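Data file: coords28.pdb. Format and content: PDB, C-alpha atoms.
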```pdb
ATOM      1  CA  MET O  29       0.000   0.000   0.000
ATOM      2  CA  PHE O  30       2.809   2.399   0.835
ATOM      3  CA  THR O  31       4.477   1.717  -2.534
ATOM      4  CA  GLU O  32       1.234   2.158  -4.455
ATOM      5  CA  ALA O  33       0.483   5.419  -2.675
ATOM      6  CA  ALA O  34       3.985   6.697  -3.379
ATOM      7  CA  VAL O  35       3.689   5.818  -7.068
ATOM      8  CA  SER O  36       0.316   7.507  -7.220
ATOM      9  CA  MET O  37       1.631  10.718  -5.725
ATOM     10  CA  CYS O  38       4.665  10.719  -8.035
ATOM     11  CA  ASP O  39       2.624   9.999 -11.151
ATOM     12  CA  LEU O  40       0.019  12.577 -10.273
ATOM     13  CA  GLU O  41       2.698  15.200  -9.863
ATOM     14  CA  SER O  42       4.376  14.323 -13.188
ATOM     15  CA  GLY O  43       1.031  13.959 -14.959
ATOM     16  CA  SER O  44       2.242  10.833 -16.791
ATOM     17  CA  VAL O  45      -0.021   8.134 -15.369
ATOM     18  CA  LYS O  46      -3.289   8.161 -13.503
ATOM     19  CA  VAL O  47      -3.443   5.701 -10.639
ATOM     20  CA  LYS O  48      -6.386   5.350  -8.291
ATOM     21  CA  GLU O  49      -5.317   6.115  -4.723
ATOM     22  CA  PRO O  50      -6.444   3.857  -1.860
ATOM     23  CA  SER O  51      -9.845   4.948  -0.564
ATOM     24  CA  ASN O  52     -10.320   6.222   2.943
ATOM     25  CA  ARG O  53     -12.890   3.477   3.442
ATOM     26  CA  GLY O  54     -10.359   0.778   2.575
ATOM     27  CA  ARG O  55      -7.805   2.298   4.921
ATOM     28  CA  TRP O  56     -10.393   2.459   7.707
ATOM     29  CA  HIS O  57     -11.417  -1.177   7.309
ATOM     30  CA  GLY O  58      -7.782  -2.334   7.374
ATOM     31  CA  CYS O  59      -7.013  -0.197  10.391
ATOM     32  CA  TRP O  60     -10.136  -1.402  12.208
ATOM     33  CA  TYR O  61      -9.260  -5.051  11.643
ATOM     34  CA  GLU O  62      -5.621  -4.735  12.659
ATOM     35  CA  ARG O  63      -6.325  -2.599  15.714
ATOM     36  CA  LEU O  64      -9.358  -4.391  17.134
ATOM     37  CA  VAL O  65      -9.956  -7.846  15.675
ATOM     38  CA  GLN O  66      -6.510  -9.203  14.840
ATOM     39  CA  PRO O  67      -5.028  -8.686  18.345
ATOM     40  CA  CYS O  68      -7.947 -10.554  19.930
ATOM     41  CA  LEU O  69      -7.599 -13.430  17.459
ATOM     42  CA  VAL O  70      -3.892 -13.628  18.250
ATOM     43  CA  GLU O  71      -4.575 -13.628  22.000
ATOM     44  CA  LEU O  72      -7.051 -16.471  21.434
ATOM     45  CA  LEU O  73      -4.574 -18.450  19.339
ATOM     46  CA  GLY O  74      -1.571 -17.847  21.578
ATOM     47  CA  SER O  75      -3.494 -18.675  24.756
ATOM     48  CA  ALA O  76      -4.815 -21.884  23.203
ATOM     49  CA  LEU O  77      -1.349 -23.012  22.112
ATOM     50  CA  PHE O  78       0.323 -22.092  25.397
ATOM     51  CA  ILE O  79      -2.333 -23.712  27.573
ATOM     52  CA  PHE O  80      -2.496 -26.816  25.384
ATOM     53  CA  ILE O  81       1.255 -27.346  25.844
ATOM     54  CA  GLY O  82       1.045 -26.531  29.549
ATOM     55  CA  CYS O  83      -1.857 -28.872  30.241
ATOM     56  CA  LEU O  84      -0.360 -31.690  28.195
ATOM     57  CA  SER O  85       2.944 -31.392  30.051
ATOM     58  CA  VAL O  86       1.101 -31.884  33.351
ATOM     59  CA  ILE O  87      -1.093 -34.723  32.099
ATOM     60  CA  GLU O  88       1.848 -36.615  30.595
ATOM     61  CA  ASN O  89       4.295 -35.764  33.386
ATOM     62  CA  GLY O  90       6.183 -38.776  34.698
ATOM     63  CA  PRO O  91       6.983 -39.418  38.364
ATOM     64  CA  ASP O  92      10.721 -39.080  37.769
ATOM     65  CA  THR O  93      10.690 -35.533  36.397
ATOM     66  CA  GLY O  94       8.722 -33.830  39.164
ATOM     67  CA  ARG O  95       8.032 -30.188  38.410
ATOM     68  CA  LEU O  96      10.843 -29.881  35.864
ATOM     69  CA  GLN O  97       8.816 -31.041  32.855
ATOM     70  CA  PRO O  98       5.843 -28.693  33.420
ATOM     71  CA  ALA O  99       8.192 -25.830  34.312
ATOM     72  CA  LEU O 100      10.202 -26.153  31.108
ATOM     73  CA  ALA O 101       7.159 -26.781  28.922
ATOM     74  CA  HIS O 102       5.233 -23.775  30.230
ATOM     75  CA  GLY O 103       8.231 -21.447  30.083
ATOM     76  CA  LEU O 104       9.456 -22.455  26.644
ATOM     77  CA  ALA O 105       5.965 -22.458  25.149
ATOM     78  CA  LEU O 106       5.212 -18.994  26.486
ATOM     79  CA  GLY O 107       8.521 -17.599  25.241
ATOM     80  CA  LEU O 108       7.904 -19.018  21.772
ATOM     81  CA  VAL O 109       4.351 -17.750  21.363
ATOM     82  CA  ILE O 110       5.370 -14.297  22.598
ATOM     83  CA  ALA O 111       8.328 -14.208  20.200
ATOM     84  CA  THR O 112       6.171 -15.223  17.235
ATOM     85  CA  LEU O 113       2.900 -13.418  17.963
ATOM     86  CA  GLY O 114       3.837 -10.645  20.365
ATOM     87  CA  ASN O 115       4.246  -7.930  17.752
ATOM     88  CA  ILE O 116       0.590  -8.273  16.800
ATOM     89  CA  SER O 117      -1.160  -8.216  20.166
ATOM     90  CA  GLY O 118       1.569  -7.522  22.697
ATOM     91  CA  GLY O 119       1.817 -11.215  23.582
ATOM     92  CA  HIS O 120      -0.144 -11.206  26.844
ATOM     93  CA  PHE O 121      -1.979 -14.569  26.838
ATOM     94  CA  ASN O 122      -2.823 -13.911  30.478
ATOM     95  CA  PRO O 123      -5.574 -11.721  32.000
ATOM     96  CA  ALA O 124      -3.224 -10.618  34.773
ATOM     97  CA  VAL O 125      -0.667  -9.406  32.243
ATOM     98  CA  SER O 126      -3.338  -7.541  30.295
ATOM     99  CA  LEU O 127      -4.532  -5.785  33.453
ATOM    100  CA  ALA O 128      -1.014  -4.688  34.338
ATOM    101  CA  ALA O 129      -0.347  -3.580  30.752
ATOM    102  CA  MET O 130      -3.481  -1.458  30.839
ATOM    103  CA  LEU O 131      -2.459   0.104  34.145
ATOM    104  CA  VAL O 132       0.978   1.115  32.852
ATOM    105  CA  GLY O 133      -0.255   2.406  29.510
ATOM    106  CA  GLY O 134       0.548  -0.572  27.315
ATOM    107  CA  LEU O 135      -3.069  -1.436  26.505
ATOM    108  CA  LYS O 136      -6.189   0.655  26.017
ATOM    109  CA  LEU O 137      -8.949   0.191  28.568
ATOM    110  CA  THR O 138     -11.447  -0.550  25.792
ATOM    111  CA  MET O 139      -9.380  -3.594  24.773
ATOM    112  CA  LEU O 140      -9.028  -5.094  28.251
ATOM    113  CA  PHE O 141     -12.260  -7.082  28.318
ATOM    114  CA  PRO O 142     -11.981  -8.279  24.698
ATOM    115  CA  TYR O 143      -8.478  -9.507  25.558
ATOM    116  CA  TRP O 144      -9.766 -11.267  28.677
ATOM    117  CA  ILE O 145     -12.550 -12.999  26.744
ATOM    118  CA  SER O 146     -10.097 -14.092  24.047
ATOM    119  CA  GLN O 147      -7.643 -15.441  26.614
ATOM    120  CA  LEU O 148     -10.292 -17.348  28.564
ATOM    121  CA  CYS O 149     -11.718 -18.847  25.373
ATOM    122  CA  GLY O 150      -8.187 -19.758  24.309
ATOM    123  CA  GLY O 151      -7.630 -21.438  27.658
ATOM    124  CA  LEU O 152     -10.798 -23.461  27.215
ATOM    125  CA  ILE O 153      -9.788 -24.504  23.693
ATOM    126  CA  GLY O 154      -6.278 -25.466  24.814
ATOM    127  CA  ALA O 155      -7.539 -27.551  27.730
ATOM    128  CA  THR O 156     -10.126 -29.253  25.525
ATOM    129  CA  LEU O 157      -7.489 -30.170  22.944
ATOM    130  CA  ALA O 158      -5.230 -31.531  25.694
ATOM    131  CA  LYS O 159      -8.071 -33.765  26.845
ATOM    132  CA  ALA O 160      -8.782 -34.888  23.273
ATOM    133  CA  VAL O 161      -5.228 -36.137  22.671
ATOM    134  CA  SER O 162      -4.606 -37.636  26.129
ATOM    135  CA  PRO O 163      -5.427 -41.153  27.316
ATOM    136  CA  GLU O 164      -8.485 -40.954  29.515
ATOM    137  CA  ASP O 165      -6.833 -42.524  32.550
ATOM    138  CA  ARG O 166      -3.890 -40.104  32.429
ATOM    139  CA  PHE O 167      -6.216 -37.154  31.973
ATOM    140  CA  TRP O 168      -8.304 -37.952  35.033
ATOM    141  CA  ASN O 169      -5.289 -38.977  37.134
ATOM    142  CA  ALA O 170      -3.967 -35.446  36.560
ATOM    143  CA  THR O 171      -7.452 -33.924  37.067
ATOM    144  CA  GLY O 172      -7.182 -32.550  33.564
ATOM    145  CA  ALA O 173      -4.189 -30.380  34.567
ATOM    146  CA  ALA O 174      -6.451 -28.324  36.845
ATOM    147  CA  PHE O 175      -4.808 -26.936  39.973
ATOM    148  CA  VAL O 176      -5.162 -29.346  42.887
ATOM    149  CA  THR O 177      -2.218 -28.310  45.062
ATOM    150  CA  VAL O 178      -4.417 -26.605  47.646
ATOM    151  CA  GLN O 179      -6.382 -29.309  49.437
ATOM    152  CA  GLU O 180      -7.127 -27.778  52.833
ATOM    153  CA  SER O 181      -8.154 -24.365  54.123
ATOM    154  CA  GLU O 182      -4.892 -24.093  56.065
ATOM    155  CA  GLN O 183      -3.027 -23.879  52.754
ATOM    156  CA  VAL O 184      -5.095 -21.005  51.374
ATOM    157  CA  ALA O 185      -3.210 -18.052  52.867
ATOM    158  CA  GLY O 186       0.177 -19.365  51.778
ATOM    159  CA  ALA O 187      -1.136 -20.152  48.309
ATOM    160  CA  VAL O 188      -2.597 -16.663  47.818
ATOM    161  CA  VAL O 189       0.624 -14.984  48.969
ATOM    162  CA  ALA O 190       2.670 -17.287  46.736
ATOM    163  CA  GLU O 191       0.485 -16.492  43.724
ATOM    164  CA  VAL O 192       0.870 -12.769  44.374
ATOM    165  CA  ILE O 193       4.667 -12.976  44.607
ATOM    166  CA  LEU O 194       5.141 -15.390  41.707
ATOM    167  CA  THR O 195       2.836 -13.412  39.436
ATOM    168  CA  THR O 196       4.576 -10.189  40.443
ATOM    169  CA  LEU O 197       7.840 -11.570  39.058
ATOM    170  CA  LEU O 198       6.157 -12.608  35.819
ATOM    171  CA  VAL O 199       4.178  -9.391  35.284
ATOM    172  CA  LEU O 200       7.122  -7.200  36.280
ATOM    173  CA  THR O 201       9.248  -8.992  33.695
ATOM    174  CA  VAL O 202       6.601  -8.355  31.038
ATOM    175  CA  CYS O 203       6.080  -4.687  31.865
ATOM    176  CA  THR O 204       9.751  -3.789  32.194
ATOM    177  CA  GLY O 205      10.981  -5.943  29.334
ATOM    178  CA  ALA O 206       8.269  -5.203  26.786
ATOM    179  CA  ILE O 207       6.484  -1.953  27.742
ATOM    180  CA  ASN O 208       8.737   0.352  29.781
ATOM    181  CA  GLU O 209      10.973   2.067  27.192
ATOM    182  CA  LYS O 210      13.967   2.464  29.499
ATOM    183  CA  THR O 211      14.255  -1.291  30.030
ATOM    184  CA  LEU O 212      13.068  -2.699  26.693
ATOM    185  CA  GLY O 213      15.151  -5.596  25.430
ATOM    186  CA  PRO O 214      15.187  -8.027  22.481
ATOM    187  CA  LEU O 215      15.316 -10.999  24.842
ATOM    188  CA  ALA O 216      12.072 -10.045  26.596
ATOM    189  CA  PRO O 217      10.031 -13.014  25.249
ATOM    190  CA  PHE O 218      12.465 -15.558  26.578
ATOM    191  CA  CYS O 219      13.017 -13.688  29.843
ATOM    192  CA  ILE O 220       9.259 -13.851  30.339
ATOM    193  CA  GLY O 221       9.323 -17.572  29.623
ATOM    194  CA  PHE O 222      12.228 -18.063  32.035
ATOM    195  CA  SER O 223      10.294 -16.252  34.760
ATOM    196  CA  VAL O 224       7.475 -18.773  34.374
ATOM    197  CA  THR O 225       9.917 -21.674  34.574
ATOM    198  CA  VAL O 226      11.553 -20.250  37.697
ATOM    199  CA  ASP O 227       8.176 -19.594  39.321
ATOM    200  CA  ILE O 228       6.940 -23.135  38.743
ATOM    201  CA  LEU O 229      10.151 -24.677  40.040
ATOM    202  CA  ALA O 230      10.068 -22.485  43.143
ATOM    203  CA  GLY O 231       6.361 -22.284  43.972
ATOM    204  CA  GLY O 232       4.753 -25.271  42.341
ATOM    205  CA  ALA O 233       4.504 -27.174  45.611
ATOM    206  CA  VAL O 234       2.965 -24.214  47.454
ATOM    207  CA  SER O 235       0.176 -23.058  45.160
ATOM    208  CA  GLY O 236       0.709 -24.822  41.844
ATOM    209  CA  ALA O 237       2.296 -21.633  40.447
ATOM    210  CA  CYS O 238      -0.571 -20.731  38.149
ATOM    211  CA  MET O 239       0.019 -16.976  37.658
ATOM    212  CA  ASN O 240      -2.610 -16.966  34.923
ATOM    213  CA  PRO O 241      -6.399 -17.055  35.406
ATOM    214  CA  ALA O 242      -6.859 -18.350  31.847
ATOM    215  CA  ARG O 243      -4.523 -21.276  32.596
ATOM    216  CA  ALA O 244      -6.651 -22.065  35.650
ATOM    217  CA  PHE O 245     -10.023 -21.523  33.982
ATOM    218  CA  GLY O 246      -9.658 -23.802  30.952
ATOM    219  CA  PRO O 247      -8.727 -27.023  32.776
ATOM    220  CA  ALA O 248     -11.168 -26.275  35.610
ATOM    221  CA  MET O 249     -13.988 -26.020  33.083
ATOM    222  CA  VAL O 250     -13.000 -29.149  31.150
ATOM    223  CA  ALA O 251     -12.408 -31.282  34.267
ATOM    224  CA  ASN O 252     -15.185 -29.599  36.279
ATOM    225  CA  HIS O 253     -12.772 -29.037  39.165
ATOM    226  CA  TRP O 254     -13.426 -25.747  40.962
ATOM    227  CA  ASP O 255     -11.943 -26.332  44.429
ATOM    228  CA  TYR O 256     -10.167 -23.154  45.564
ATOM    229  CA  HIS O 257     -10.308 -21.888  41.987
ATOM    230  CA  TRP O 258     -10.712 -18.293  43.185
ATOM    231  CA  ILE O 259      -7.116 -18.308  44.455
ATOM    232  CA  TYR O 260      -5.873 -18.332  40.871
ATOM    233  CA  TRP O 261      -7.833 -15.192  40.084
ATOM    234  CA  LEU O 262      -7.285 -13.234  43.273
ATOM    235  CA  GLY O 263      -3.526 -13.752  43.551
ATOM    236  CA  PRO O 264      -2.576 -12.872  39.946
ATOM    237  CA  LEU O 265      -4.910  -9.865  39.739
ATOM    238  CA  LEU O 266      -3.598  -8.473  43.030
ATOM    239  CA  ALA O 267      -0.085  -8.862  41.650
ATOM    240  CA  SER O 268      -1.102  -6.899  38.552
ATOM    241  CA  LEU O 269      -2.331  -4.038  40.706
ATOM    242  CA  LEU O 270       0.903  -4.121  42.701
ATOM    243  CA  VAL O 271       3.072  -4.004  39.579
ATOM    244  CA  GLY O 272       0.939  -1.204  38.173
ATOM    245  CA  VAL O 273       1.581   0.877  41.280
ATOM    246  CA  LEU O 274       5.311   0.080  41.284
ATOM    247  CA  ILE O 275       5.809   1.104  37.679
ATOM    248  CA  ARG O 276       3.467   4.092  37.633
ATOM    249  CA  PHE O 277       4.857   5.632  40.812
ATOM    250  CA  PHE O 278       8.385   4.353  41.328
ATOM    251  CA  ILE O 279      10.314   2.415  38.698
ATOM    252  CA  GLY O 280       8.729   3.372  35.369
ATOM    253  CA  ASP O 281      10.431   5.713  32.930
ATOM    254  CA  ALA O 282       9.439   9.366  32.637
ATOM    255  CA  LYS O 283       6.707   8.658  30.087
ATOM    256  CA  ILE O 284       4.978   6.143  32.347
ATOM    257  CA  ARG O 285       5.753   7.426  35.837
ATOM    258  CA  LEU O 286       3.134   9.742  37.335
ATOM    259  CA  ILE O 287       5.349  11.455  39.934
ATOM    260  CA  LEU O 288       8.898  12.823  40.261
ATOM    261  CA  LYS O 289       9.359  13.204  36.525
ATOM    262  CA  GLY O 290      11.774  16.129  36.717
ATOM    263  CA  ARG O 291      12.292  18.546  33.863
TER     264      ARG O 291
END
```
How does the structure come out when it is put into structure tokens?
Amino acid sequence: MFTEAAVSMCDLESGSVKVKEPSNRGRWHGCWYERLVQPCLVELLGSALFIFIGCLSVIENGPDTGRLQPALAHGLALGLVIATLGNISGGHFNPAVSLAAMLVGGLKLTMLFPYWISQLCGGLIGATLAKAVSPEDRFWNATGAAFVTVQESEQVAGAVVAEVILTTLLVLTVCTGAINEKTLGPLAPFCIGFSVTVDILAGGAVSGACMNPARAFGPAMVANHWDYHWIYWLGPLLASLLVGVLIRFFIGDAKIRLILKGR
């Protein structure tokens, strides 16, 4: 389109050839699709792929590997989908990340709920596909990769705190590596993936290290397992609010920070 427009302008000025310029209507339709529809489709696709890999790694996890297999699978899958799709939608694939991105200026408020819906639907698709390709006995032995770490009420407080801290590391990595201009880096997708791997290795035994409401929602829906499900919404969303405050008031660059900007 840019080349055609340039040729049109040049030819019109020279008077040699008449070329029809792109219509405003065509530009508007392309802009509307790429700004509103395409990012949501990418969030749906990326969430489905990431959660499919994550769920399958839990369902097929052997007793000898412990948390290493799910940790590596989740981290590597997330890094790959962010690296390949991130330039279209921002590569969130997580409602908690989208909330934090909105708070620090990386996502418009009007796109927050469409992103959430896309991510939750992607989580449901990914979990359904994981069930479809898994042997039935393995699927139900793993409760469909739903989070079952918290079994008693005494574990709830520790699990919520763990989810807040673990998600803070993940969301902080996203916001500083991919949104805050002062700390942007080309390795951000894989740093984000590494943060997920580290979180699962460190906190998997405490809360399950979910850090992603869409990752919790899909398997819970498919396996109909809702015990303590709210933990995996409350913890990550609280972490998003915390990171939003940290970046907006303290560690963000001058464009993002709301106070002490200087001159």
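Minimum atom-to-atom distances from O:Val226, O:Val178, O:Val188, O:Leu72 to Gly263 (chain O) were compared using all atoms listed in the file, and the lowest value belongs to O:Val188.
Among O:Val65, O:Ala99, O:Ala206, O:Ala160, the residue with the shortest atom-to-atom distance to Gly82 (chain O), counting all atoms listed in the file, is O:Ala99.
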Long-range neighbours of Val273 (chain O) as a short mmCIF file (atom, residue, chain, number, x, y, z; two decimals) with C-alpha atoms, in the frame of the given file, 10 Å cut-off, only C-alpha atoms, 4 positions minimum in chain:
```
data_model
loop_
_atom_site.label_atom_id
_atom_site.label_comp_id
_atom_site.auth_asym_id
_atom_site.auth_seq_id
_atom_site.Cartn_x
_atom_site.Cartn_y
_atom_site.Cartn_z
CA ALA O 128 -1.01 -4.69 34.34
CA LEU O 131 -2.46 0.10 34.15
CA VAL O 132 0.98 1.12 32.85
CA ALA O 267 -0.08 -8.86 41.65
CA SER O 268 -1.10 -6.90 38.55
CA LEU O 269 -2.33 -4.04 40.71
CA PHE O 277 4.86 5.63 40.81
CA PHE O 278 8.38 4.35 41.33
CA ILE O 279 10.31 2.42 38.70
CA GLY O 280 8.73 3.37 35.37
CA ARG O 285 5.75 7.43 35.84
CA LEU O 286 3.13 9.74 37.34
#
```
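Note that CA of Leu197 (chain O) and CA of Phe78 (chain O) are 18.8 Å apart.
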Please report, as CSV, each residue of region 103-184 of chain O lying at most 6 Å from region 236-243 of chain O, together with the nearest pair of atoms and the separation in Å rounded to one decimal; use all atoms listed in the file, and order rows by chain and ascending residue number.
```
residue,atom,partner,partner_atom,distance
O:Asn122,CA,O:Asn240,CA,5.4
O:Leu148,CA,O:Ala242,CA,4.9
O:Gly151,CA,O:Ala242,CA,5.3
O:Thr177,CA,O:Gly236,CA,5.6
```
Report as lines of an AutoDock Vina configuration file the centre and the edge lengths, in Å to one decimal, of the axis-aligned box holding every listed atom of region 119-122 of chain O, padded by 4 Å on each side.
```
center_x = -0.5
center_y = -12.9
center_z = 27.0
size_x = 12.6
size_y = 11.4
size_z = 14.9
```
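Evaluated on this file, the PyMOL selection byres ((chain O and resi 88-97) around 8) matches O:Leu84, O:Ser85, O:Val86, O:Ile87, O:Pro98, O:Ala99, O:Leu100, O:Ala101, O:Ser162, O:Arg166, O:Ile228, O:Leu229, O:Gly232.
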Using only C-alpha atoms, find all polymer residues with an atom at most 12 Å away from the point (-15.2, -26.2, 45.7); report them as a short mmCIF file (atom, residue, chain, number, x, y, z; two decimals) with C-alpha atoms, keeping the file's coordinate frame.
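Full text of point32.cif as output:
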```cif
data_model
loop_
_atom_site.label_atom_id
_atom_site.label_comp_id
_atom_site.auth_asym_id
_atom_site.auth_seq_id
_atom_site.Cartn_x
_atom_site.Cartn_y
_atom_site.Cartn_z
CA PHE O 175 -4.81 -26.94 39.97
CA VAL O 176 -5.16 -29.35 42.89
CA VAL O 178 -4.42 -26.60 47.65
CA GLN O 179 -6.38 -29.31 49.44
CA GLU O 180 -7.13 -27.78 52.83
CA SER O 181 -8.15 -24.36 54.12
CA ALA O 248 -11.17 -26.28 35.61
CA ASN O 252 -15.18 -29.60 36.28
CA HIS O 253 -12.77 -29.04 39.16
CA TRP O 254 -13.43 -25.75 40.96
CA ASP O 255 -11.94 -26.33 44.43
CA TYR O 256 -10.17 -23.15 45.56
CA HIS O 257 -10.31 -21.89 41.99
CA TRP O 258 -10.71 -18.29 43.18
CA ILE O 259 -7.12 -18.31 44.46
#
```
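Nearest to Gly221 (chain O) of all the residues O:Leu140, O:Ile193, O:Val199, O:Met130 is O:Val199, counting all atoms listed in the file.
Between Gln147 (chain O) and the candidates O:Pro123, O:Gly103, O:Gly231, O:Gly205, the tightest atom-to-atom separation, counting only C-alpha atoms, involves O:Pro123.
Between CA of Asn115 (chain O) and CA of Pro247 (chain O) the separation is 27.5 Å.
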